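Structure data (PDB, C-alpha atoms and all ligand atoms) from target17.pdb:
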```
ATOM      1  CA  MET A   1       0.447 -13.664 -17.962  1.00  0.00           C
ATOM      2  CA  SER A   2       1.601 -12.820 -21.488  1.00  0.00           C
ATOM      3  CA  SER A   3       5.386 -13.195 -21.666  1.00  0.00           C
ATOM      4  CA  SER A   4       5.876  -9.571 -22.707  1.00  0.00           C
ATOM      5  CA  LYS A   5       4.211  -8.238 -19.566  1.00  0.00           C
ATOM      6  CA  LYS A   6       6.601  -6.898 -16.968  1.00  0.00           C
ATOM      7  CA  LEU A   7       5.979  -8.029 -13.431  1.00  0.00           C
ATOM      8  CA  VAL A   8       5.514  -5.120 -11.015  1.00  0.00           C
ATOM      9  CA  GLU A   9       5.289  -5.979  -7.312  1.00  0.00           C
ATOM     10  CA  LEU A  10       3.846  -3.543  -4.799  1.00  0.00           C
ATOM     11  CA  PHE A  11       4.953  -4.214  -1.216  1.00  0.00           C
ATOM     12  CA  TYR A  12       2.495  -2.369   0.966  1.00  0.00           C
ATOM     13  CA  ASP A  13       0.951  -1.774   4.344  1.00  0.00           C
ATOM     14  CA  VAL A  14      -2.304   0.139   4.847  1.00  0.00           C
ATOM     15  CA  VAL A  15      -0.688   2.102   7.693  1.00  0.00           C
ATOM     16  CA  SER A  16       1.208   4.081   5.037  1.00  0.00           C
ATOM     17  CA  PRO A  17      -0.653   6.986   3.393  1.00  0.00           C
ATOM     18  CA  TYR A  18       1.968   7.443   0.656  1.00  0.00           C
ATOM     19  CA  THR A  19       1.493   3.805  -0.243  1.00  0.00           C
ATOM     20  CA  TRP A  20      -2.233   4.366  -0.736  1.00  0.00           C
ATOM     21  CA  LEU A  21      -1.364   6.868  -3.451  1.00  0.00           C
ATOM     22  CA  ALA A  22       1.003   4.425  -5.144  1.00  0.00           C
ATOM     23  CA  PHE A  23      -1.571   1.640  -4.874  1.00  0.00           C
ATOM     24  CA  GLU A  24      -4.274   3.695  -6.615  1.00  0.00           C
ATOM     25  CA  VAL A  25      -1.882   4.864  -9.318  1.00  0.00           C
ATOM     26  CA  LEU A  26      -0.726   1.329 -10.066  1.00  0.00           C
ATOM     27  CA  CYS A  27      -4.337   0.105 -10.147  1.00  0.00           C
ATOM     28  CA  ARG A  28      -5.074   2.857 -12.699  1.00  0.00           C
ATOM     29  CA  TYR A  29      -1.977   2.102 -14.802  1.00  0.00           C
ATOM     30  CA  ARG A  30      -2.418  -1.667 -14.684  1.00  0.00           C
ATOM     31  CA  ASN A  31      -4.460  -1.487 -17.879  1.00  0.00           C
ATOM     32  CA  VAL A  32      -2.462   1.316 -19.480  1.00  0.00           C
ATOM     33  CA  TRP A  33       1.035  -0.101 -19.128  1.00  0.00           C
ATOM     34  CA  ASN A  34       2.018  -3.575 -20.255  1.00  0.00           C
ATOM     35  CA  ILE A  35       2.461  -4.866 -16.709  1.00  0.00           C
ATOM     36  CA  GLU A  36       1.227  -7.551 -14.394  1.00  0.00           C
ATOM     37  CA  LEU A  37       0.602  -5.929 -11.026  1.00  0.00           C
ATOM     38  CA  LYS A  38       1.167  -8.174  -8.035  1.00  0.00           C
ATOM     39  CA  PHE A  39       0.013  -7.122  -4.563  1.00  0.00           C
ATOM     40  CA  LYS A  40       2.434  -7.982  -1.768  1.00  0.00           C
ATOM     41  CA  PRO A  41       0.801  -7.250   1.603  1.00  0.00           C
ATOM     42  CA  ALA A  42       3.598  -6.825   4.144  1.00  0.00           C
ATOM     43  CA  TYR A  43       4.297  -5.227   7.538  1.00  0.00           C
ATOM     44  CA  LEU A  44       5.921  -1.799   7.566  1.00  0.00           C
ATOM     45  CA  GLY A  45       6.679  -2.027  11.308  1.00  0.00           C
ATOM     46  CA  GLY A  46       8.909  -5.044  10.581  1.00  0.00           C
ATOM     47  CA  VAL A  47      10.648  -3.276   7.697  1.00  0.00           C
ATOM     48  CA  MET A  48      11.331  -0.232   9.892  1.00  0.00           C
ATOM     49  CA  HIS A  49      12.607  -2.362  12.742  1.00  0.00           C
ATOM     50  CA  VAL A  50      14.888  -4.652  10.754  1.00  0.00           C
ATOM     51  CA  SER A  51      16.285  -1.905   8.507  1.00  0.00           C
ATOM     52  CA  GLY A  52      16.988   0.298  11.539  1.00  0.00           C
ATOM     53  CA  ASN A  53      14.858   3.130  10.124  1.00  0.00           C
ATOM     54  CA  ARG A  54      12.596   5.475  12.073  1.00  0.00           C
ATOM     55  CA  PRO A  55       9.191   6.660  10.836  1.00  0.00           C
ATOM     56  CA  PRO A  56       9.574  10.118   9.231  1.00  0.00           C
ATOM     57  CA  GLY A  57       6.683  11.451  11.361  1.00  0.00           C
ATOM     58  CA  VAL A  58       8.738  11.265  14.555  1.00  0.00           C
ATOM     59  CA  VAL A  59      10.737  14.330  13.477  1.00  0.00           C
ATOM     60  CA  PRO A  60       8.327  17.194  14.317  1.00  0.00           C
ATOM     61  CA  ASN A  61       9.180  19.409  11.330  1.00  0.00           C
ATOM     62  CA  LYS A  62       8.898  16.453   8.946  1.00  0.00           C
ATOM     63  CA  PHE A  63       5.555  15.567  10.486  1.00  0.00           C
ATOM     64  CA  LEU A  64       4.262  19.093   9.831  1.00  0.00           C
ATOM     65  CA  TYR A  65       5.578  19.014   6.275  1.00  0.00           C
ATOM     66  CA  MET A  66       3.991  15.620   5.626  1.00  0.00           C
ATOM     67  CA  THR A  67       0.590  16.860   6.794  1.00  0.00           C
ATOM     68  CA  THR A  68       0.684  19.658   4.212  1.00  0.00           C
ATOM     69  CA  ASP A  69       2.230  17.372   1.606  1.00  0.00           C
ATOM     70  CA  LEU A  70      -0.517  14.757   1.995  1.00  0.00           C
ATOM     71  CA  THR A  71      -3.266  17.374   1.659  1.00  0.00           C
ATOM     72  CA  ARG A  72      -1.788  18.563  -1.637  1.00  0.00           C
ATOM     73  CA  LEU A  73      -1.162  15.013  -2.815  1.00  0.00           C
ATOM     74  CA  SER A  74      -4.738  13.995  -2.060  1.00  0.00           C
ATOM     75  CA  ASP A  75      -5.957  16.573  -4.556  1.00  0.00           C
ATOM     76  CA  TYR A  76      -3.235  15.855  -7.122  1.00  0.00           C
ATOM     77  CA  PHE A  77      -3.740  12.080  -7.044  1.00  0.00           C
ATOM     78  CA  ASP A  78      -7.503  12.305  -6.522  1.00  0.00           C
ATOM     79  CA  VAL A  79      -7.390   9.962  -3.528  1.00  0.00           C
ATOM     80  CA  PRO A  80      -9.551  10.998  -0.529  1.00  0.00           C
ATOM     81  CA  LEU A  81      -6.712  11.148   1.990  1.00  0.00           C
ATOM     82  CA  SER A  82      -7.436  12.842   5.263  1.00  0.00           C
ATOM     83  CA  PRO A  83      -5.167  12.275   8.281  1.00  0.00           C
ATOM     84  CA  PRO A  84      -6.741  10.787  11.408  1.00  0.00           C
ATOM     85  CA  ALA A  85      -7.228  13.173  14.360  1.00  0.00           C
ATOM     86  CA  ASN A  86      -4.421  11.406  16.204  1.00  0.00           C
ATOM     87  CA  PRO A  87      -1.996  10.036  13.602  1.00  0.00           C
ATOM     88  CA  PHE A  88       0.508   8.908  16.252  1.00  0.00           C
ATOM     89  CA  GLU A  89      -2.074   6.768  17.974  1.00  0.00           C
ATOM     90  CA  ALA A  90      -3.363   5.355  14.675  1.00  0.00           C
ATOM     91  CA  MET A  91       0.060   4.624  13.187  1.00  0.00           C
ATOM     92  CA  PHE A  92       2.297   3.784  16.116  1.00  0.00           C
ATOM     93  CA  GLU A  93       0.118   2.800  19.070  1.00  0.00           C
ATOM     94  CA  LYS A  94      -2.627   0.903  17.283  1.00  0.00           C
ATOM     95  CA  GLY A  95      -0.669   0.015  14.155  1.00  0.00           C
ATOM     96  CA  SER A  96      -1.565  -2.330  11.341  1.00  0.00           C
ATOM     97  CA  LEU A  97      -0.438  -5.812  12.341  1.00  0.00           C
ATOM     98  CA  ASN A  98      -3.970  -7.228  12.681  1.00  0.00           C
ATOM     99  CA  ALA A  99      -5.095  -5.489   9.513  1.00  0.00           C
ATOM    100  CA  MET A 100      -2.185  -6.805   7.456  1.00  0.00           C
ATOM    101  CA  ARG A 101      -2.676 -10.320   8.809  1.00  0.00           C
ATOM    102  CA  PHE A 102      -6.300 -10.042   7.721  1.00  0.00           C
ATOM    103  CA  VAL A 103      -5.255  -8.885   4.229  1.00  0.00           C
ATOM    104  CA  THR A 104      -2.726 -11.728   4.101  1.00  0.00           C
ATOM    105  CA  ALA A 105      -5.486 -14.203   4.950  1.00  0.00           C
ATOM    106  CA  VAL A 106      -7.604 -12.767   2.121  1.00  0.00           C
ATOM    107  CA  ALA A 107      -4.615 -13.015  -0.243  1.00  0.00           C
ATOM    108  CA  GLU A 108      -4.069 -16.664   0.692  1.00  0.00           C
ATOM    109  CA  LYS A 109      -7.647 -17.647  -0.193  1.00  0.00           C
ATOM    110  CA  GLU A 110      -8.916 -15.126  -2.706  1.00  0.00           C
ATOM    111  CA  GLY A 111      -7.686 -13.373  -5.831  1.00  0.00           C
ATOM    112  CA  ASP A 112      -6.372  -9.901  -6.602  1.00  0.00           C
ATOM    113  CA  VAL A 113      -9.836  -8.363  -6.874  1.00  0.00           C
ATOM    114  CA  GLU A 114     -10.680  -9.167  -3.254  1.00  0.00           C
ATOM    115  CA  VAL A 115      -7.231  -8.184  -1.990  1.00  0.00           C
ATOM    116  CA  GLU A 116      -7.497  -4.862  -3.796  1.00  0.00           C
ATOM    117  CA  ARG A 117     -10.979  -4.115  -2.433  1.00  0.00           C
ATOM    118  CA  VAL A 118     -10.223  -5.103   1.150  1.00  0.00           C
ATOM    119  CA  SER A 119      -6.970  -3.110   1.152  1.00  0.00           C
ATOM    120  CA  ARG A 120      -8.750  -0.035  -0.196  1.00  0.00           C
ATOM    121  CA  GLU A 121     -11.487  -0.281   2.451  1.00  0.00           C
ATOM    122  CA  LEU A 122      -8.862  -0.487   5.199  1.00  0.00           C
ATOM    123  CA  TRP A 123      -6.982   2.496   3.780  1.00  0.00           C
ATOM    124  CA  LYS A 124     -10.252   4.431   3.672  1.00  0.00           C
ATOM    125  CA  ARG A 125     -10.835   3.689   7.332  1.00  0.00           C
ATOM    126  CA  ILE A 126      -7.452   4.710   8.692  1.00  0.00           C
ATOM    127  CA  TRP A 127      -6.543   7.425   6.145  1.00  0.00           C
ATOM    128  CA  SER A 128      -9.883   8.920   5.146  1.00  0.00           C
ATOM    129  CA  THR A 129     -12.653   8.452   7.690  1.00  0.00           C
ATOM    130  CA  ASP A 130     -10.533   8.128  10.855  1.00  0.00           C
ATOM    131  CA  GLN A 131     -11.844   4.714  11.850  1.00  0.00           C
ATOM    132  CA  ASP A 132     -10.192   1.857  13.683  1.00  0.00           C
ATOM    133  CA  ILE A 133      -8.486  -0.992  11.778  1.00  0.00           C
ATOM    134  CA  THR A 134      -7.395  -3.109  14.739  1.00  0.00           C
ATOM    135  CA  GLN A 135     -10.612  -4.638  16.098  1.00  0.00           C
ATOM    136  CA  PRO A 136     -12.384  -7.676  14.599  1.00  0.00           C
ATOM    137  CA  ALA A 137     -15.550  -5.566  14.191  1.00  0.00           C
ATOM    138  CA  SER A 138     -13.570  -3.021  12.163  1.00  0.00           C
ATOM    139  CA  LEU A 139     -12.042  -5.665   9.909  1.00  0.00           C
ATOM    140  CA  THR A 140     -15.488  -7.195   9.505  1.00  0.00           C
ATOM    141  CA  GLU A 141     -16.956  -3.884   8.383  1.00  0.00           C
ATOM    142  CA  ALA A 142     -14.122  -3.373   5.905  1.00  0.00           C
ATOM    143  CA  GLY A 143     -14.487  -6.914   4.572  1.00  0.00           C
ATOM    144  CA  LEU A 144     -18.251  -6.602   4.086  1.00  0.00           C
ATOM    145  CA  LYS A 145     -17.866  -3.246   2.355  1.00  0.00           C
ATOM    146  CA  ALA A 146     -15.291  -4.863   0.087  1.00  0.00           C
ATOM    147  CA  GLY A 147     -17.927  -7.373  -0.991  1.00  0.00           C
ATOM    148  CA  LEU A 148     -16.914 -10.398   1.095  1.00  0.00           C
ATOM    149  CA  SER A 149     -19.702 -12.465   2.625  1.00  0.00           C
ATOM    150  CA  ALA A 150     -20.159 -12.664   6.408  1.00  0.00           C
ATOM    151  CA  SER A 151     -18.902 -16.256   6.395  1.00  0.00           C
ATOM    152  CA  GLN A 152     -15.816 -15.354   4.356  1.00  0.00           C
ATOM    153  CA  VAL A 153     -15.032 -12.543   6.801  1.00  0.00           C
ATOM    154  CA  GLU A 154     -15.433 -14.966   9.696  1.00  0.00           C
ATOM    155  CA  GLU A 155     -13.068 -17.419   8.005  1.00  0.00           C
ATOM    156  CA  PHE A 156     -10.416 -14.743   7.324  1.00  0.00           C
ATOM    157  CA  LEU A 157     -10.600 -13.394  10.882  1.00  0.00           C
ATOM    158  CA  THR A 158      -9.837 -16.883  12.186  1.00  0.00           C
ATOM    159  CA  LEU A 159      -7.152 -17.474   9.568  1.00  0.00           C
ATOM    160  CA  ALA A 160      -5.516 -14.152  10.373  1.00  0.00           C
ATOM    161  CA  LYS A 161      -4.709 -15.508  13.831  1.00  0.00           C
ATOM    162  CA  SER A 162      -3.201 -18.736  12.497  1.00  0.00           C
ATOM    163  CA  GLN A 163       0.539 -19.429  12.428  1.00  0.00           C
ATOM    164  CA  PRO A 164       0.731 -20.013   8.645  1.00  0.00           C
ATOM    165  CA  VAL A 165      -0.767 -16.572   7.960  1.00  0.00           C
ATOM    166  CA  LYS A 166       1.511 -14.895  10.520  1.00  0.00           C
ATOM    167  CA  ASP A 167       4.461 -16.671   8.876  1.00  0.00           C
ATOM    168  CA  LYS A 168       3.296 -15.650   5.412  1.00  0.00           C
ATOM    169  CA  LEU A 169       3.140 -11.965   6.375  1.00  0.00           C
ATOM    170  CA  LYS A 170       6.611 -12.270   7.851  1.00  0.00           C
ATOM    171  CA  SER A 171       7.973 -13.988   4.747  1.00  0.00           C
ATOM    172  CA  VAL A 172       6.590 -11.288   2.401  1.00  0.00           C
ATOM    173  CA  THR A 173       8.067  -8.650   4.737  1.00  0.00           C
ATOM    174  CA  ASP A 174      11.392 -10.513   4.566  1.00  0.00           C
ATOM    175  CA  GLU A 175      11.118 -10.505   0.783  1.00  0.00           C
ATOM    176  CA  ALA A 176      10.828  -6.700   0.868  1.00  0.00           C
ATOM    177  CA  LEU A 177      13.856  -6.586   3.169  1.00  0.00           C
ATOM    178  CA  LYS A 178      15.813  -8.752   0.719  1.00  0.00           C
ATOM    179  CA  HIS A 179      15.196  -5.941  -1.768  1.00  0.00           C
ATOM    180  CA  LYS A 180      16.769  -3.663   0.884  1.00  0.00           C
ATOM    181  CA  ALA A 181      13.483  -2.032   1.913  1.00  0.00           C
ATOM    182  CA  PHE A 182      13.586   0.750   4.513  1.00  0.00           C
ATOM    183  CA  GLY A 183      10.054   2.051   3.974  1.00  0.00           C
ATOM    184  CA  PHE A 184       6.943   1.789   1.799  1.00  0.00           C
ATOM    185  CA  PRO A 185       5.690   1.911  -0.857  1.00  0.00           C
ATOM    186  CA  LEU A 186       8.314  -0.451  -2.244  1.00  0.00           C
ATOM    187  CA  ILE A 187       7.753  -1.126  -5.906  1.00  0.00           C
ATOM    188  CA  VAL A 188       9.821  -3.818  -7.584  1.00  0.00           C
ATOM    189  CA  CYS A 189       9.800  -3.917 -11.382  1.00  0.00           C
ATOM    190  CA  HIS A 190      11.268  -6.979 -12.989  1.00  0.00           C
ATOM    191  CA  VAL A 191      13.070  -5.806 -16.106  1.00  0.00           C
ATOM    192  CA  ASN A 192      15.028  -8.337 -18.189  1.00  0.00           C
ATOM    193  CA  GLY A 193      15.324 -10.661 -15.215  1.00  0.00           C
ATOM    194  CA  LYS A 194      16.627  -7.906 -12.953  1.00  0.00           C
ATOM    195  CA  PRO A 195      14.645  -6.310 -10.122  1.00  0.00           C
ATOM    196  CA  GLU A 196      14.536  -2.512 -10.269  1.00  0.00           C
ATOM    197  CA  VAL A 197      13.518  -1.245  -6.847  1.00  0.00           C
ATOM    198  CA  PHE A 198      11.724   2.048  -6.216  1.00  0.00           C
ATOM    199  CA  TRP A 199      10.669   3.645  -2.956  1.00  0.00           C
ATOM    200  CA  GLY A 200       7.883   6.204  -2.872  1.00  0.00           C
ATOM    201  CA  SER A 201       4.785   7.310  -4.717  1.00  0.00           C
ATOM    202  CA  ASP A 202       6.862  10.046  -6.322  1.00  0.00           C
ATOM    203  CA  ARG A 203       9.003   7.832  -8.540  1.00  0.00           C
ATOM    204  CA  PHE A 204       6.547   6.916 -11.272  1.00  0.00           C
ATOM    205  CA  GLU A 205       8.177   9.027 -13.962  1.00  0.00           C
ATOM    206  CA  LEU A 206      11.504   7.300 -13.396  1.00  0.00           C
ATOM    207  CA  MET A 207       9.835   3.929 -13.060  1.00  0.00           C
ATOM    208  CA  ALA A 208       8.025   4.393 -16.379  1.00  0.00           C
ATOM    209  CA  HIS A 209      11.347   5.243 -18.015  1.00  0.00           C
ATOM    210  CA  CYS A 210      12.931   2.065 -16.615  1.00  0.00           C
ATOM    211  CA  ILE A 211      10.148  -0.219 -17.830  1.00  0.00           C
ATOM    212  CA  GLY A 212       9.805   1.465 -21.215  1.00  0.00           C
ATOM    213  CA  GLU A 213       6.399   3.006 -20.568  1.00  0.00           C
ATOM    214  CA  LYS A 214       5.060   6.553 -20.457  1.00  0.00           C
ATOM    215  CA  TRP A 215       3.995   8.448 -17.317  1.00  0.00           C
ATOM    216  CA  VAL A 216       1.070  10.719 -18.108  1.00  0.00           C
ATOM    217  CA  GLY A 217       0.267  11.870 -14.578  1.00  0.00           C
ATOM    218  CA  PRO A 218      -1.658  10.310 -11.702  1.00  0.00           C
ATOM    219  CA  GLN A 219      -4.914   9.942 -13.645  1.00  0.00           C
ATOM    220  CA  PRO A 220      -4.032   8.321 -16.972  1.00  0.00           C
ATOM    221  CA  GLY A 221      -7.649   8.186 -18.112  1.00  0.00           C
ATOM    222  CA  LYS A 222      -8.301  11.872 -17.603  1.00  0.00           C
ATOM    223  CA  PRO A 223      -7.202  14.945 -19.532  1.00  0.00           C
ATOM    224  CA  THR A 224      -4.080  16.447 -17.909  1.00  0.00           C
ATOM    225  CA  ALA A 225      -3.434  19.864 -16.375  1.00  0.00           C
ATOM    226  CA  LYS A 226      -6.158  22.050 -15.006  1.00  0.00           C
ATOM    227  CA  MET A 227      -5.517  25.238 -17.037  1.00  0.00           C
TER     228      MET A 227
HETATM  229  N1  LIG B 301       8.666  10.661  -0.890  1.00  0.00           N
HETATM  230  C1  LIG B 301       7.895   9.472  -0.648  1.00  0.00           C
HETATM  231  C2  LIG B 301       7.644   9.367   0.837  1.00  0.00           C
HETATM  232  C3  LIG B 301       7.127   8.014   1.241  1.00  0.00           C
HETATM  233  C4  LIG B 301       7.117   7.847   2.761  1.00  0.00           C
HETATM  234  O1  LIG B 301       7.390   8.794   3.490  1.00  0.00           O
HETATM  235  N2  LIG B 301       6.809   6.646   3.211  1.00  0.00           N
HETATM  236  C5  LIG B 301       6.885   6.355   4.612  1.00  0.00           C
HETATM  237  C6  LIG B 301       5.758   5.467   5.044  1.00  0.00           C
HETATM  238  S1  LIG B 301       4.208   6.340   4.875  1.00  0.00           S
HETATM  239  C7  LIG B 301       8.209   5.642   4.828  1.00  0.00           C
HETATM  240  O2  LIG B 301       8.355   4.501   4.495  1.00  0.00           O
HETATM  241  N3  LIG B 301       9.197   6.381   5.308  1.00  0.00           N
HETATM  242  C8  LIG B 301      10.534   5.899   5.514  1.00  0.00           C
HETATM  243  C9  LIG B 301      11.525   7.029   5.450  1.00  0.00           C
HETATM  244  O3  LIG B 301      11.117   8.193   5.311  1.00  0.00           O
HETATM  245  O4  LIG B 301      12.720   6.739   5.542  1.00  0.00           O
HETATM  246  C10 LIG B 301       6.573   9.568  -1.409  1.00  0.00           C
HETATM  247  O5  LIG B 301       6.251  10.657  -1.906  1.00  0.00           O
HETATM  248  O6  LIG B 301       5.884   8.562  -1.545  1.00  0.00           O
END
```
Take the structure in the file and write it out as structure tokens.
Ligand SMILES: N[C@@H](CCC(=O)N[C@@H](CS)C(=O)NCC(=O)O)C(=O)O
Amino acid sequence: MSSSKKLVELFYDVVSPYTWLAFEVLCRYRNVWNIELKFKPAYLGGVMHVSGNRPPGVVPNKFLYMTTDLTRLSDYFDVPLSPPANPFEAMFEKGSLNAMRFVTAVAEKEGDVEVERVSRELWKRIWSTDQDITQPASLTEAGLKAGLSASQVEEFLTLAKSQPVKDKLKSVTDEALKHKAFGFPLIVCHVNGKPEVFWGSDRFELMAHCIGEKWVGPQPGKPTAKM
């Protein structure tokens, strides 16, 4: 990493639709801003539990608002978000523990490219095509689509059940909690040795200001405003 590059860490969990937006934006800006983007797969359930927070979707009016909000955001960010038929089942009953252990296993053995691709495929399943992300067959499908070989997928499925990978996911989640996380996306920008912590996919303008960069909308490569 060139010394002038600012380190930007994205703490994420594929159970979070807002985090998918932040993930895609940061992937787009990675080559526009002078940053090194570091993926930090973590477990939102743990963050919620330890911080004493409650998922926003459990308040019925907030849930309704979020459904509308996500539809608008999908268009604005150009990310194919589409809520599952039963978001409560997908988010709270099935959850993302297995999926995030799988991503953690990939992160332990592979580089950013693989982690990015596998994470995106899992997000597509839960937040676009309404598919399971808990079963080994589901993780296998996501892994293969992300370009992993069948033997790599097999290895990561086994690793995901191992204590070191479980501990790693917990330690990254603890790291987010040390930054006082209460939800995701949690984006930590290291500016002059100091961590600047942002929550949400709606803080990019402020974040850009803090790191001395320019926010030009969610699609930096494309012309702005539809007139
Ligand atoms: N305003 C934020 C909302 C992000 C959000 O609601 N994230 C959820 C997970 S999908 C969360 O962590 N919520 C915690 C809370 O609302 O306190 C955004 O636009 O990104």
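Reported to one decimal place, the separation of atom CA of A:Phe77 from atom CA of A:Cys210 is 21.7 Å.
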Using the chain letters and numbers from the file, give me the residues hit by the PyMOL selection byres (((not hetatm)) within 10 of (chain B and resi 301)), as an NGL selection string. :A and (12-22 or 44-45 or 47-48 or 51-57 or 62-63 or 66 or 69-70 or 73 or 91 or 181-186 or 198-204)
Residues of the last selection are to be written out with C-alpha atoms, as a tab-separated table (two decimals), keeping the file's coordinate frame.
```tsv
chain	number	residue	atom	x	y	z
A	12	TYR	CA	2.50	-2.37	0.97
A	13	ASP	CA	0.95	-1.77	4.34
A	14	VAL	CA	-2.30	0.14	4.85
A	15	VAL	CA	-0.69	2.10	7.69
A	16	SER	CA	1.21	4.08	5.04
A	17	PRO	CA	-0.65	6.99	3.39
A	18	TYR	CA	1.97	7.44	0.66
A	19	THR	CA	1.49	3.80	-0.24
A	20	TRP	CA	-2.23	4.37	-0.74
A	21	LEU	CA	-1.36	6.87	-3.45
A	22	ALA	CA	1.00	4.42	-5.14
A	44	LEU	CA	5.92	-1.80	7.57
A	45	GLY	CA	6.68	-2.03	11.31
A	47	VAL	CA	10.65	-3.28	7.70
A	48	MET	CA	11.33	-0.23	9.89
A	51	SER	CA	16.28	-1.90	8.51
A	52	GLY	CA	16.99	0.30	11.54
A	53	ASN	CA	14.86	3.13	10.12
A	54	ARG	CA	12.60	5.48	12.07
A	55	PRO	CA	9.19	6.66	10.84
A	56	PRO	CA	9.57	10.12	9.23
A	57	GLY	CA	6.68	11.45	11.36
A	62	LYS	CA	8.90	16.45	8.95
A	63	PHE	CA	5.56	15.57	10.49
A	66	MET	CA	3.99	15.62	5.63
A	69	ASP	CA	2.23	17.37	1.61
A	70	LEU	CA	-0.52	14.76	2.00
A	73	LEU	CA	-1.16	15.01	-2.82
A	91	MET	CA	0.06	4.62	13.19
A	181	ALA	CA	13.48	-2.03	1.91
A	182	PHE	CA	13.59	0.75	4.51
A	183	GLY	CA	10.05	2.05	3.97
A	184	PHE	CA	6.94	1.79	1.80
A	185	PRO	CA	5.69	1.91	-0.86
A	186	LEU	CA	8.31	-0.45	-2.24
A	198	PHE	CA	11.72	2.05	-6.22
A	199	TRP	CA	10.67	3.64	-2.96
A	200	GLY	CA	7.88	6.20	-2.87
A	201	SER	CA	4.78	7.31	-4.72
A	202	ASP	CA	6.86	10.05	-6.32
A	203	ARG	CA	9.00	7.83	-8.54
A	204	PHE	CA	6.55	6.92	-11.27
```
Suppose you want the space between atom CA of A:Lys168 and atom CA of A:Val58; what is it in Å? 28.9 Å
Nearest to A:Asp174, restricted to all atoms listed in the file and choosing among A:Lys94, A:Phe23, A:Lys40, A:Phe156, comes out as A:Lys40
List the spatial neighbours of A:Val106 as a PyMOL selection string - criterion: any atom at most 10 Å away, all atoms listed in the file, same-chain residues fewer than 5 positions off excluded. chain A and resi 100-101+111-112+114-116+118-119+143+148+152-153+155-157+159-160+165
Skip A:Leu169 itself and residues of its chain fewer than 3 positions away, then list as a PyMOL selection string all residues within 10 Å of it, counting all atoms listed in the file. chain A and resi 40-43+46+97+100-105+160+163-166+172-175
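Between atom CA of A:Trp33 and atom CA of A:Lys145 the separation is 28.8 Å.
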Spatial neighbours of stretch 5-8 of chain A, max dist 8 Å, all atoms listed in the file, sep filter under 3 positions, as a ChimeraX atom specification: /A:1-2,34-38,187-191,211
Take every atom of stretch 24-43 of chain A listed in the file, fit an axis-aligned box around them, add 6 Å per side, and give the centre and edge lengths in Å to one decimal as AutoDock Vina command-line options.
```
--center_x -0.4 --center_y -1.7 --center_z -6.4 --size_x 21.4 --size_y 25.0 --size_z 39.8
```
